[in-house]
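Data block for start-v3.json (JSON, C-alpha atoms and all ligand atoms):
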[["chain", "number", "residue", "atom", "x", "y", "z"],
["A", 1, "MET", "CA", 0.00, 0.00, 0.00],
["A", 2, "THR", "CA", 1.25, 3.54, -0.87],
["A", 3, "LYS", "CA", 2.46, 5.55, 2.12],
["A", 4, "GLN", "CA", -0.16, 8.16, 2.92],
["A", 5, "THR", "CA", 0.60, 11.84, 3.53],
["A", 6, "LYS", "CA", -2.05, 13.31, 5.83],
["A", 7, "VAL", "CA", -3.09, 16.75, 4.64],
["A", 8, "VAL", "CA", -5.01, 19.68, 6.17],
["A", 9, "VAL", "CA", -6.26, 22.40, 3.80],
["A", 10, "ALA", "CA", -6.83, 25.92, 5.19],
["A", 11, "GLY", "CA", -9.02, 28.19, 3.08],
["A", 12, "ALA", "CA", -10.58, 25.01, 1.68],
["A", 13, "SER", "CA", -13.76, 26.57, 0.32],
["A", 14, "GLY", "CA", -11.92, 29.43, -1.41],
["A", 15, "LYS", "CA", -10.98, 29.58, -5.09],
["A", 16, "MET", "CA", -7.56, 27.98, -4.58],
["A", 17, "GLY", "CA", -8.48, 25.84, -1.57],
["A", 18, "SER", "CA", -11.32, 24.08, -3.39],
["A", 19, "GLU", "CA", -9.00, 23.38, -6.34],
["A", 20, "ALA", "CA", -6.45, 21.99, -3.86],
["A", 21, "LEU", "CA", -9.12, 19.59, -2.52],
["A", 22, "ARG", "CA", -9.71, 18.35, -6.08],
["A", 23, "MET", "CA", -5.95, 17.86, -6.43],
["A", 24, "VAL", "CA", -5.81, 15.84, -3.17],
["A", 25, "GLU", "CA", -8.70, 13.70, -4.43],
["A", 26, "LYS", "CA", -6.70, 12.78, -7.56],
["A", 27, "HIS", "CA", -3.64, 11.49, -5.66],
["A", 28, "ASP", "CA", -3.70, 8.07, -3.99],
["A", 29, "ASP", "CA", -0.78, 8.99, -1.71],
["A", 30, "LEU", "CA", -2.63, 11.95, -0.14],
["A", 31, "THR", "CA", -5.35, 11.70, 2.52],
["A", 32, "LEU", "CA", -7.40, 14.71, 3.57],
["A", 33, "VAL", "CA", -7.68, 14.73, 7.38],
["A", 34, "GLY", "CA", -9.16, 18.20, 7.99],
["A", 35, "CYS", "CA", -10.07, 21.61, 6.61],
["A", 36, "VAL", "CA", -10.04, 25.06, 8.17],
["A", 37, "ASP", "CA", -12.40, 27.90, 7.28],
["A", 38, "LEU", "CA", -14.90, 30.10, 9.07],
["A", 39, "GLN", "CA", -18.10, 29.10, 7.29],
["A", 40, "HIS", "CA", -18.47, 25.33, 7.53],
["A", 41, "THR", "CA", -17.39, 24.44, 11.08],
["A", 42, "GLY", "CA", -18.54, 20.96, 12.10],
["A", 43, "MET", "CA", -19.55, 19.98, 8.57],
["A", 44, "GLN", "CA", -17.95, 17.18, 6.59],
["A", 45, "VAL", "CA", -16.37, 18.27, 3.31],
["A", 46, "LYS", "CA", -18.77, 15.99, 1.39],
["A", 47, "GLU", "CA", -21.70, 18.00, 2.80],
["A", 48, "VAL", "CA", -20.55, 21.23, 1.12],
["A", 49, "GLU", "CA", -21.90, 21.72, -2.39],
["A", 50, "GLY", "CA", -19.24, 21.73, -5.08],
["A", 51, "LEU", "CA", -16.51, 20.15, -2.96],
["A", 52, "PRO", "CA", -15.20, 16.58, -3.36],
["A", 53, "LYS", "CA", -16.74, 13.75, -1.32],
["A", 54, "PHE", "CA", -14.34, 13.63, 1.61],
["A", 55, "ASP", "CA", -15.38, 12.50, 5.12],
["A", 56, "ALA", "CA", -12.92, 14.94, 6.76],
["A", 57, "TYR", "CA", -14.37, 17.76, 8.89],
["A", 58, "PHE", "CA", -14.14, 21.54, 8.78],
["A", 59, "TYR", "CA", -12.65, 23.31, 11.86],
["A", 60, "ASP", "CA", -12.99, 27.02, 12.56],
["A", 61, "ASN", "CA", -9.39, 27.46, 13.62],
["A", 62, "ILE", "CA", -6.04, 25.83, 13.09],
["A", 63, "ASP", "CA", -5.41, 25.05, 16.79],
["A", 64, "THR", "CA", -8.61, 23.03, 17.14],
["A", 65, "CYS", "CA", -7.85, 21.28, 13.88],
["A", 66, "PHE", "CA", -4.35, 20.21, 14.97],
["A", 67, "GLU", "CA", -5.72, 19.08, 18.37],
["A", 68, "SER", "CA", -8.31, 16.92, 16.58],
["A", 69, "VAL", "CA", -6.37, 15.30, 13.74],
["A", 70, "ASP", "CA", -2.91, 13.92, 13.10],
["A", 71, "ALA", "CA", -1.47, 15.78, 10.08],
["A", 72, "ASP", "CA", 1.80, 15.71, 8.12],
["A", 73, "VAL", "CA", 1.26, 18.73, 5.87],
["A", 74, "LEU", "CA", -0.77, 21.95, 5.99],
["A", 75, "ILE", "CA", -1.70, 23.51, 2.65],
["A", 76, "ASP", "CA", -2.47, 27.17, 3.36],
["A", 77, "LEU", "CA", -4.42, 29.22, 0.82],
["A", 78, "THR", "CA", -6.01, 31.96, 2.91],
["A", 79, "SER", "CA", -4.99, 35.60, 3.38],
["A", 80, "PRO", "CA", -1.68, 37.15, 4.57],
["A", 81, "LYS", "CA", -2.49, 37.60, 8.30],
["A", 82, "VAL", "CA", -4.25, 34.27, 8.64],
["A", 83, "GLY", "CA", -1.60, 32.46, 6.57],
["A", 84, "TYR", "CA", 1.19, 33.79, 8.75],
["A", 85, "LYS", "CA", -0.49, 32.54, 11.94],
["A", 86, "HIS", "CA", -1.29, 29.17, 10.34],
["A", 87, "THR", "CA", 2.28, 28.69, 9.13],
["A", 88, "LYS", "CA", 3.71, 29.50, 12.55],
["A", 89, "THR", "CA", 1.23, 27.21, 14.32],
["A", 90, "ALA", "CA", 1.96, 24.38, 11.89],
["A", 91, "ILE", "CA", 5.73, 24.62, 12.42],
["A", 92, "LEU", "CA", 5.26, 24.65, 16.21],
["A", 93, "ASN", "CA", 3.03, 21.56, 15.94],
["A", 94, "GLY", "CA", 5.46, 19.61, 13.75],
["A", 95, "VAL", "CA", 3.19, 19.89, 10.70],
["A", 96, "ARG", "CA", 4.97, 20.87, 7.49],
["A", 97, "PRO", "CA", 3.43, 23.93, 5.83],
["A", 98, "VAL", "CA", 3.08, 24.29, 2.05],
["A", 99, "VAL", "CA", 1.96, 27.88, 1.69],
["A", 100, "GLY", "CA", 0.57, 29.59, -1.39],
["A", 101, "THR", "CA", -0.84, 32.55, 0.49],
["A", 102, "THR", "CA", 0.82, 35.79, -0.63],
["A", 103, "GLY", "CA", 1.38, 39.17, 1.00],
["A", 104, "PHE", "CA", 3.74, 38.20, 3.86],
["A", 105, "SER", "CA", 6.16, 40.96, 4.94],
["A", 106, "ASN", "CA", 9.92, 40.39, 4.81],
["A", 107, "GLU", "CA", 9.95, 40.38, 8.63],
["A", 108, "GLU", "CA", 7.31, 37.63, 8.72],
["A", 109, "LEU", "CA", 9.22, 35.55, 6.17],
["A", 110, "LYS", "CA", 12.41, 35.99, 8.19],
["A", 111, "GLU", "CA", 10.71, 35.01, 11.43],
["A", 112, "LEU", "CA", 9.13, 31.90, 9.88],
["A", 113, "THR", "CA", 12.46, 30.92, 8.30],
["A", 114, "GLU", "CA", 14.20, 31.15, 11.69],
["A", 115, "LEU", "CA", 11.41, 29.25, 13.42],
["A", 116, "ALA", "CA", 11.53, 26.39, 10.89],
["A", 117, "LYS", "CA", 15.31, 26.22, 11.30],
["A", 118, "GLU", "CA", 15.03, 26.11, 15.11],
["A", 119, "GLN", "CA", 12.36, 23.41, 14.94],
["A", 120, "LYS", "CA", 14.23, 21.57, 12.13],
["A", 121, "ILE", "CA", 11.03, 21.27, 10.15],
["A", 122, "GLY", "CA", 10.48, 21.51, 6.41],
["A", 123, "ALA", "CA", 8.28, 24.29, 4.99],
["A", 124, "VAL", "CA", 7.66, 25.66, 1.51],
["A", 125, "ILE", "CA", 6.31, 29.15, 0.83],
["A", 126, "ALA", "CA", 5.88, 29.87, -2.87],
["A", 127, "PRO", "CA", 4.30, 33.04, -4.23],
["A", 128, "ASN", "CA", 3.48, 31.09, -7.39],
["A", 129, "PHE", "CA", 3.11, 27.32, -7.76],
["A", 130, "ALA", "CA", 2.62, 27.36, -11.55],
["A", 131, "MET", "CA", 5.73, 25.80, -13.10],
["A", 132, "GLY", "CA", 5.50, 28.24, -16.04],
["A", 133, "ALA", "CA", 5.45, 31.21, -13.68],
["A", 134, "VAL", "CA", 8.53, 29.92, -11.84],
["A", 135, "LEU", "CA", 10.33, 29.67, -15.19],
["A", 136, "MET", "CA", 9.10, 33.15, -16.18],
["A", 137, "MET", "CA", 10.69, 34.51, -12.98],
["A", 138, "GLN", "CA", 13.96, 32.67, -13.60],
["A", 139, "PHE", "CA", 14.14, 33.80, -17.25],
["A", 140, "SER", "CA", 13.53, 37.36, -16.05],
["A", 141, "LYS", "CA", 16.40, 37.10, -13.58],
["A", 142, "TRP", "CA", 18.67, 35.92, -16.39],
["A", 143, "ALA", "CA", 17.53, 38.71, -18.76],
["A", 144, "ALA", "CA", 18.15, 41.35, -16.07],
["A", 145, "LYS", "CA", 21.90, 40.67, -16.33],
["A", 146, "HIS", "CA", 21.79, 42.12, -19.82],
["A", 147, "PHE", "CA", 18.82, 44.53, -19.60],
["A", 148, "PRO", "CA", 18.74, 46.75, -16.50],
["A", 149, "ASP", "CA", 15.70, 48.65, -17.87],
["A", 150, "VAL", "CA", 12.60, 46.72, -16.81],
["A", 151, "GLU", "CA", 9.00, 47.19, -15.77],
["A", 152, "ILE", "CA", 6.62, 44.52, -14.45],
["A", 153, "ILE", "CA", 2.94, 44.40, -15.33],
["A", 154, "GLU", "CA", 0.83, 41.95, -13.33],
["A", 155, "LYS", "CA", -2.87, 41.33, -14.06],
["A", 156, "HIS", "CA", -5.26, 39.52, -11.72],
["A", 157, "HIS", "CA", -8.97, 38.91, -11.04],
["A", 158, "ASP", "CA", -10.63, 41.70, -9.06],
["A", 159, "GLN", "CA", -11.17, 39.58, -5.91],
["A", 160, "LYS", "CA", -7.46, 39.66, -5.14],
["A", 161, "LEU", "CA", -6.60, 41.33, -1.81],
["A", 162, "ASP", "CA", -2.87, 42.07, -2.13],
["A", 163, "ALA", "CA", -1.14, 44.37, -4.61],
["A", 164, "PRO", "CA", 1.35, 44.02, -6.07],
["A", 165, "SER", "CA", 1.02, 40.26, -6.38],
["A", 166, "GLY", "CA", 3.42, 37.97, -4.52],
["A", 167, "THR", "CA", 4.72, 36.85, -7.90],
["A", 168, "ALA", "CA", 5.53, 40.42, -8.97],
["A", 169, "VAL", "CA", 7.39, 41.06, -5.70],
["A", 170, "LYS", "CA", 9.34, 37.81, -6.01],
["A", 171, "THR", "CA", 10.17, 38.61, -9.66],
["A", 172, "ALA", "CA", 11.45, 42.05, -8.65],
["A", 173, "GLU", "CA", 13.56, 40.49, -5.86],
["A", 174, "LEU", "CA", 15.11, 38.00, -8.31],
["A", 175, "ILE", "CA", 15.79, 40.73, -10.88],
["A", 176, "GLN", "CA", 17.32, 42.90, -8.15],
["A", 177, "GLU", "CA", 19.90, 40.15, -7.50],
["A", 178, "GLU", "CA", 21.27, 40.56, -11.06],
["A", 179, "ARG", "CA", 20.36, 44.06, -12.22],
["A", 180, "THR", "CA", 22.63, 47.09, -12.07],
["A", 181, "GLN", "CA", 20.50, 49.36, -9.89],
["A", 182, "LYS", "CA", 18.82, 52.27, -11.67],
["A", 183, "LYS", "CA", 15.68, 54.37, -11.35],
["A", 184, "GLN", "CA", 13.35, 53.65, -14.23],
["A", 185, "GLY", "CA", 12.11, 56.59, -16.34],
["A", 186, "HIS", "CA", 13.30, 60.16, -16.89],
["A", 187, "PRO", "CA", 15.06, 61.72, -13.87],
["A", 188, "ASP", "CA", 12.69, 64.71, -14.07],
["A", 189, "GLU", "CA", 9.47, 62.77, -14.66],
["A", 190, "GLU", "CA", 6.46, 63.88, -12.61],
["A", 191, "GLU", "CA", 3.18, 62.08, -11.98],
["A", 192, "THR", "CA", 0.27, 64.39, -12.76],
["A", 193, "ILE", "CA", -2.00, 61.69, -11.34],
["A", 194, "LYS", "CA", -0.53, 59.94, -8.27],
["A", 195, "GLY", "CA", 0.34, 56.31, -8.94],
["A", 196, "ALA", "CA", 0.54, 56.70, -12.72],
["A", 197, "ARG", "CA", 4.03, 55.21, -12.81],
["A", 198, "GLY", "CA", 3.17, 52.27, -10.58],
["A", 199, "ALA", "CA", 4.92, 51.03, -7.44],
["A", 200, "ASP", "CA", 8.64, 51.65, -7.04],
["A", 201, "PHE", "CA", 10.74, 48.59, -6.12],
["A", 202, "ASP", "CA", 14.44, 49.52, -6.09],
["A", 203, "GLY", "CA", 13.82, 51.85, -9.05],
["A", 204, "MET", "CA", 11.82, 49.23, -10.99],
["A", 205, "ARG", "CA", 8.15, 49.94, -11.64],
["A", 206, "ILE", "CA", 5.41, 47.41, -10.88],
["A", 207, "HIS", "CA", 1.93, 47.95, -12.38],
["A", 208, "SER", "CA", -1.07, 46.04, -11.00],
["A", 209, "MET", "CA", -4.28, 45.53, -13.04],
["A", 210, "ARG", "CA", -7.45, 44.07, -11.45],
["A", 211, "LEU", "CA", -10.32, 43.03, -13.72],
["A", 212, "PRO", "CA", -13.08, 40.43, -13.81],
["A", 213, "GLY", "CA", -12.28, 37.71, -16.33],
["A", 214, "LEU", "CA", -8.59, 37.60, -15.44],
["A", 215, "VAL", "CA", -6.99, 34.77, -13.41],
["A", 216, "ALA", "CA", -3.24, 35.43, -12.96],
["A", 217, "HIS", "CA", -0.99, 36.94, -15.61],
["A", 218, "GLN", "CA", 2.35, 38.73, -15.68],
["A", 219, "GLU", "CA", 4.56, 40.42, -18.26],
["A", 220, "VAL", "CA", 8.12, 41.42, -17.53],
["A", 221, "VAL", "CA", 9.15, 43.96, -20.17],
["A", 222, "PHE", "CA", 12.83, 44.72, -20.71],
["A", 223, "GLY", "CA", 14.00, 47.63, -22.86],
["A", 224, "GLY", "CA", 17.24, 48.25, -24.70],
["A", 225, "PRO", "CA", 18.30, 50.51, -27.59],
["A", 226, "GLY", "CA", 15.97, 49.63, -30.48],
["A", 227, "GLU", "CA", 14.55, 46.48, -28.85],
["A", 228, "ASN", "CA", 12.16, 45.15, -26.22],
["A", 229, "LEU", "CA", 12.03, 41.71, -24.66],
["A", 230, "THR", "CA", 8.76, 40.59, -23.08],
["A", 231, "ILE", "CA", 8.64, 37.51, -20.85],
["A", 232, "LYS", "CA", 5.02, 36.59, -20.25],
["A", 233, "HIS", "CA", 3.11, 33.99, -18.29],
["A", 234, "ASP", "CA", -0.64, 33.32, -18.11],
["A", 235, "SER", "CA", -2.55, 31.15, -15.67],
["A", 236, "PHE", "CA", -5.94, 30.68, -17.33],
["A", 237, "HIS", "CA", -7.18, 28.22, -14.68],
["A", 238, "ARG", "CA", -6.26, 27.52, -11.04],
["A", 239, "GLN", "CA", -5.38, 23.95, -12.06],
["A", 240, "SER", "CA", -2.13, 25.55, -13.23],
["A", 241, "PHE", "CA", -0.97, 25.82, -9.60],
["A", 242, "MET", "CA", -1.77, 22.26, -8.53],
["A", 243, "SER", "CA", 1.16, 20.27, -9.92],
["A", 244, "GLY", "CA", 3.45, 22.72, -8.11],
["A", 245, "ILE", "CA", 1.59, 22.23, -4.84],
["A", 246, "LYS", "CA", 1.88, 18.43, -5.17],
["A", 247, "PHE", "CA", 5.57, 18.80, -6.05],
["A", 248, "ALA", "CA", 6.07, 20.94, -2.91],
["A", 249, "ILE", "CA", 4.24, 18.39, -0.71],
["A", 250, "ASP", "CA", 6.50, 15.61, -2.00],
["A", 251, "HIS", "CA", 9.61, 17.68, -1.26],
["A", 252, "VAL", "CA", 8.59, 19.25, 2.05],
["A", 253, "LEU", "CA", 8.54, 15.81, 3.70],
["A", 254, "HIS", "CA", 12.31, 15.60, 3.16],
["A", 255, "LEU", "CA", 13.26, 19.16, 4.14],
["A", 256, "ASP", "CA", 14.39, 20.43, 7.54],
["A", 257, "GLU", "CA", 14.18, 24.16, 6.78],
["A", 258, "LEU", "CA", 11.92, 26.70, 5.10],
["A", 259, "VAL", "CA", 12.29, 27.16, 1.36],
["A", 260, "TYR", "CA", 10.92, 30.39, -0.16],
["A", 261, "GLY", "CA", 10.19, 29.90, -3.86],
["A", 262, "LEU", "CA", 9.63, 26.70, -5.80],
["A", 263, "GLU", "CA", 12.72, 27.32, -7.95],
["A", 264, "HIS", "CA", 14.95, 26.08, -5.12],
["A", 265, "LEU", "CA", 13.33, 22.65, -5.40],
["A", 266, "MET", "CA", 13.42, 22.58, -9.22],
["A", 267, "MET", "CA", 17.18, 22.87, -9.65],
["A", 268, "ASP", "CA", 17.84, 19.26, -10.70],
["B", 301, "LIG", "N1", 1.09, 30.62, -4.61],
["B", 301, "LIG", "C1", 0.24, 30.47, -5.62],
["B", 301, "LIG", "O1", 0.53, 29.80, -6.62],
["B", 301, "LIG", "C2", -1.10, 31.12, -5.53],
["B", 301, "LIG", "C3", -1.40, 31.84, -4.44],
["B", 301, "LIG", "N2", -2.63, 32.41, -4.31],
["B", 301, "LIG", "C4", -2.87, 33.07, -3.03],
["B", 301, "LIG", "O2", -3.69, 32.20, -2.26],
["B", 301, "LIG", "C5", -4.50, 32.96, -1.36],
["B", 301, "LIG", "C6", -5.96, 32.57, -1.53],
["B", 301, "LIG", "O3", -6.39, 32.96, -2.81],
["B", 301, "LIG", "P1", -7.87, 32.65, -3.32],
["B", 301, "LIG", "O4", -8.18, 31.21, -3.16],
["B", 301, "LIG", "O5", -7.96, 33.28, -4.65],
["B", 301, "LIG", "O6", -8.72, 33.51, -2.27],
["B", 301, "LIG", "P2", -10.20, 33.21, -1.72],
["B", 301, "LIG", "O7", -10.64, 34.49, -1.10],
["B", 301, "LIG", "O8", -11.02, 32.59, -2.78],
["B", 301, "LIG", "O9", -9.95, 32.12, -0.58],
["B", 301, "LIG", "C7", -9.41, 32.41, 0.68],
["B", 301, "LIG", "C8", -10.06, 31.50, 1.67],
["B", 301, "LIG", "O10", -9.49, 31.68, 2.97],
["B", 301, "LIG", "C9", -10.56, 31.64, 3.92],
["B", 301, "LIG", "N3", -10.25, 32.28, 5.18],
["B", 301, "LIG", "C10", -10.29, 33.59, 5.50],
["B", 301, "LIG", "N4", -10.02, 33.77, 6.80],
["B", 301, "LIG", "C11", -9.80, 32.54, 7.31],
["B", 301, "LIG", "C12", -9.48, 32.05, 8.61],
["B", 301, "LIG", "N5", -9.31, 32.88, 9.64],
["B", 301, "LIG", "N6", -9.31, 30.73, 8.78],
["B", 301, "LIG", "C13", -9.48, 29.90, 7.75],
["B", 301, "LIG", "N7", -9.79, 30.29, 6.50],
["B", 301, "LIG", "C14", -9.95, 31.60, 6.29],
["B", 301, "LIG", "C15", -11.68, 32.36, 3.19],
["B", 301, "LIG", "O11", -12.92, 32.09, 3.76],
["B", 301, "LIG", "P3", -14.11, 33.20, 3.63],
["B", 301, "LIG", "O12", -14.41, 33.27, 2.18],
["B", 301, "LIG", "O13", -15.14, 32.61, 4.46],
["B", 301, "LIG", "O14", -13.53, 34.47, 4.18],
["B", 301, "LIG", "C16", -11.55, 31.76, 1.79],
["B", 301, "LIG", "O15", -12.24, 30.54, 1.69],
["B", 301, "LIG", "C17", -4.19, 34.43, -1.69],
["B", 301, "LIG", "O16", -3.21, 34.92, -0.79],
["B", 301, "LIG", "C18", -3.61, 34.37, -3.08],
["B", 301, "LIG", "O17", -2.75, 35.44, -3.38],
["B", 301, "LIG", "C19", -3.56, 32.31, -5.28],
["B", 301, "LIG", "C20", -3.30, 31.63, -6.42],
["B", 301, "LIG", "C21", -2.05, 30.97, -6.65],
["B", 302, "LIG", "O1", -4.39, 35.80, -5.90],
["B", 302, "LIG", "C1", -4.13, 35.13, -6.93],
["B", 302, "LIG", "O2", -4.98, 34.75, -7.72],
["B", 302, "LIG", "C2", -2.72, 34.79, -7.19],
["B", 302, "LIG", "N1", -1.84, 35.07, -6.28],
["B", 302, "LIG", "C3", -0.45, 34.79, -6.33],
["B", 302, "LIG", "C4", 0.32, 36.07, -6.34],
["B", 302, "LIG", "O3", -0.01, 37.00, -5.59],
["B", 302, "LIG", "O4", 1.31, 36.17, -7.08],
["B", 302, "LIG", "C5", -0.10, 33.83, -7.43],
["B", 302, "LIG", "C6", -0.87, 34.01, -8.69],
["B", 302, "LIG", "O5", -0.42, 35.16, -9.30],
["B", 302, "LIG", "C7", -2.36, 34.05, -8.41]]
What is this file in structure tokens?
Amino acid sequence: MTKQTKVVVAGASGKMGSEALRMVEKHDDLTLVGCVDLQHTGMQVKEVEGLPKFDAYFYDNIDTCFESVDADVLIDLTSPKVGYKHTKTAILNGVRPVVGTTGFSNEELKELTELAKEQKIGAVIAPNFAMGAVLMMQFSKWAAKHFPDVEIIEKHHDQKLDAPSGTAVKTAELIQEERTQKKQGHPDEEETIKGARGADFDGMRIHSMRLPGLVAHQEVVFGGPGENLTIKHDSFHRQSFMSGIKFAIDHVLHLDELVYGLEHLMMD
């Protein structure tokens, strides 16, 4: 019999969480042992319309959930504040977090990294689990060696809470590692409407669009004399994130520290 990994999903009735449940259902080596959200406390997953037919129960907070079930991995797909608390609680309970939630501050990421190291427990936090998006970020990092002029345009559905997206921030951080620092645009440029030039990350500009109909899309546009290079990724469906989440679950079981970004697990 295949060894089972016992999984808790937080944010399970959300857009990503419900897709994660469908992913768990497809894998014989994963068993759903619990879900956390605020709306379905005490219900079994199979009782909620539109969700797969699992017997596991919903809990209204992570502490009660971990007291009630024995879990190996927490998949967190909630919101920044909630995700931070869940990740910390999981690490302290010996449950390995796989976190897609975006919007953590650098201080929070640092604290969680130190905590995982202290506890010697594996954790993965990835702003984007779509393999194509991870490659888009890596290609952008490579291009930044040769093109210091760059602007990032990210486009998401209008239910998204954080801006810029976690992916855009991570892309800018990766570019920053290679790029010769410069402030994008004319030195004397002035915004006649505040925000027109987007957010400033180390002199790079990040533009965030929010519209119904979009899922998750990003263009990284590099400029040089007489040429532009655009590196673009589109997630048209939330299924695009699921193979990355499964990949992270498989790896997190063998880690003893926190890894930020799926690229670190995709090196070989
Ligand atoms: N890393 C990646 O590849 C991806 C990451 N994301 C990120 O995942 C997160 C979720 O996105 P998405 O699914 O679109 O958002 P949704 O708003 O659809 O889902 C969030 C879920 O979290 C639940 N929630 C809120 N508060 C709590 C709480 N205290 N305890 C438990 N559950 C809670 C919400 O419940 P309720 O509705 O009742 O408030 C909701 O079901 C975001 O941070 C997003 O940026 C998204 C896509 C890909
Ligand atoms: O909220 C979303 O939808 C997404 N969030 C992540 C982010 O902030 O980058 C990943 C993906 O872009 C979808």
Please enclose the listed atoms of stretch 189-207 of chain A in an axis-aligned box, pad each side by 6 Å, and write out the centre and the three edge lengths in Å, rounded to one decimal, as JSON.
{"center_x": 6.2, "center_y": 55.9, "center_z": -10.4, "size_x": 28.4, "size_y": 29.0, "size_z": 20.6}
Notebook entry, point to check: Excluding same-chain residues fewer than 4 positions from A:Glu257, what lies within 6 Å of it counting only C-alpha atoms, as a ChimeraX atom specification?
Noted result: /A:116-117,120-122
For chain A versus ligand LIG 301 (chain B), which residues have an atom no more than 8 Å away, and what is each residue's nearest atom pair and distance in Å rounded to one decimal, using all atoms listed in the file, chain-then-number order, as JSON lines?
{"residue": "A:Ala10", "atom": "CA", "partner": "B:LIG301", "partner_atom": "C13", "distance": 5.4}
{"residue": "A:Gly11", "atom": "CA", "partner": "B:LIG301", "partner_atom": "O10", "distance": 3.5}
{"residue": "A:Ala12", "atom": "CA", "partner": "B:LIG301", "partner_atom": "O15", "distance": 5.8}
{"residue": "A:Ser13", "atom": "CA", "partner": "B:LIG301", "partner_atom": "O15", "distance": 4.5}
{"residue": "A:Gly14", "atom": "CA", "partner": "B:LIG301", "partner_atom": "O15", "distance": 3.3}
{"residue": "A:Lys15", "atom": "CA", "partner": "B:LIG301", "partner_atom": "O4", "distance": 3.8}
{"residue": "A:Met16", "atom": "CA", "partner": "B:LIG301", "partner_atom": "O4", "distance": 3.6}
{"residue": "A:Gly17", "atom": "CA", "partner": "B:LIG301", "partner_atom": "O4", "distance": 5.6}
{"residue": "A:Ser18", "atom": "CA", "partner": "B:LIG301", "partner_atom": "O4", "distance": 7.8}
{"residue": "A:Val36", "atom": "CA", "partner": "B:LIG301", "partner_atom": "C13", "distance": 4.9}
{"residue": "A:Asp37", "atom": "CA", "partner": "B:LIG301", "partner_atom": "C13", "distance": 3.6}
{"residue": "A:Leu38", "atom": "CA", "partner": "B:LIG301", "partner_atom": "O13", "distance": 5.3}
{"residue": "A:Gln39", "atom": "CA", "partner": "B:LIG301", "partner_atom": "O13", "distance": 5.4}
{"residue": "A:Asp60", "atom": "CA", "partner": "B:LIG301", "partner_atom": "N6", "distance": 6.4}
{"residue": "A:Asn61", "atom": "CA", "partner": "B:LIG301", "partner_atom": "N6", "distance": 5.8}
{"residue": "A:Ile62", "atom": "CA", "partner": "B:LIG301", "partner_atom": "N6", "distance": 7.3}
{"residue": "A:Asp76", "atom": "CA", "partner": "B:LIG301", "partner_atom": "O2", "distance": 7.6}
{"residue": "A:Leu77", "atom": "CA", "partner": "B:LIG301", "partner_atom": "C5", "distance": 4.3}
{"residue": "A:Thr78", "atom": "CA", "partner": "B:LIG301", "partner_atom": "O10", "distance": 3.5}
{"residue": "A:Ser79", "atom": "CA", "partner": "B:LIG301", "partner_atom": "O16", "distance": 4.6}
{"residue": "A:Pro80", "atom": "CA", "partner": "B:LIG301", "partner_atom": "O16", "distance": 6.0}
{"residue": "A:Val82", "atom": "CA", "partner": "B:LIG301", "partner_atom": "N5", "distance": 5.3}
{"residue": "A:Gly83", "atom": "CA", "partner": "B:LIG301", "partner_atom": "O16", "distance": 7.9}
{"residue": "A:Val99", "atom": "CA", "partner": "B:LIG301", "partner_atom": "N1", "distance": 6.9}
{"residue": "A:Gly100", "atom": "CA", "partner": "B:LIG301", "partner_atom": "N1", "distance": 3.4}
{"residue": "A:Thr101", "atom": "CA", "partner": "B:LIG301", "partner_atom": "O16", "distance": 3.6}
{"residue": "A:Thr102", "atom": "CA", "partner": "B:LIG301", "partner_atom": "O16", "distance": 4.1}
{"residue": "A:Gly103", "atom": "CA", "partner": "B:LIG301", "partner_atom": "O16", "distance": 6.5}
{"residue": "A:Ile125", "atom": "CA", "partner": "B:LIG301", "partner_atom": "N1", "distance": 7.7}
{"residue": "A:Ala126", "atom": "CA", "partner": "B:LIG301", "partner_atom": "N1", "distance": 5.2}
{"residue": "A:Pro127", "atom": "CA", "partner": "B:LIG301", "partner_atom": "N1", "distance": 4.0}
{"residue": "A:Asn128", "atom": "CA", "partner": "B:LIG301", "partner_atom": "O1", "distance": 3.3}
{"residue": "A:Phe129", "atom": "CA", "partner": "B:LIG301", "partner_atom": "O1", "distance": 3.8}
{"residue": "A:Ala130", "atom": "CA", "partner": "B:LIG301", "partner_atom": "O1", "distance": 5.9}
{"residue": "A:Gln159", "atom": "CA", "partner": "B:LIG301", "partner_atom": "O7", "distance": 7.0}
{"residue": "A:Lys160", "atom": "CA", "partner": "B:LIG301", "partner_atom": "O5", "distance": 6.4}
{"residue": "A:Leu161", "atom": "CA", "partner": "B:LIG301", "partner_atom": "O17", "distance": 7.2}
{"residue": "A:Asp162", "atom": "CA", "partner": "B:LIG301", "partner_atom": "O17", "distance": 6.7}
{"residue": "A:Ser165", "atom": "CA", "partner": "B:LIG301", "partner_atom": "O17", "distance": 6.8}
{"residue": "A:Gly166", "atom": "CA", "partner": "B:LIG301", "partner_atom": "O17", "distance": 6.8}
{"residue": "A:Thr167", "atom": "CA", "partner": "B:LIG301", "partner_atom": "N1", "distance": 7.9}
{"residue": "A:Ala216", "atom": "CA", "partner": "B:LIG301", "partner_atom": "C20", "distance": 7.6}
{"residue": "A:Arg238", "atom": "CA", "partner": "B:LIG301", "partner_atom": "C20", "distance": 6.9}
{"residue": "A:Phe241", "atom": "CA", "partner": "B:LIG301", "partner_atom": "O1", "distance": 5.2}
{"residue": "A:Gly244", "atom": "CA", "partner": "B:LIG301", "partner_atom": "O1", "distance": 7.8}
{"residue": "A:Ile245", "atom": "CA", "partner": "B:LIG301", "partner_atom": "O1", "distance": 7.8}
Non-local contacts of A:His156 (6 Å; all atoms listed in the file; under 3 positions in same chain excluded) as a PDB file with C-alpha atoms, keeping the file's coordinate frame:
ATOM      1  CA  ARG A 210      -7.450  44.070 -11.450  1.00  0.00           C
ATOM      2  CA  LEU A 214      -8.590  37.600 -15.440  1.00  0.00           C
ATOM      3  CA  VAL A 215      -6.990  34.770 -13.410  1.00  0.00           C
ATOM      4  CA  ALA A 216      -3.240  35.430 -12.960  1.00  0.00           C
TER       5      ALA A 216
END
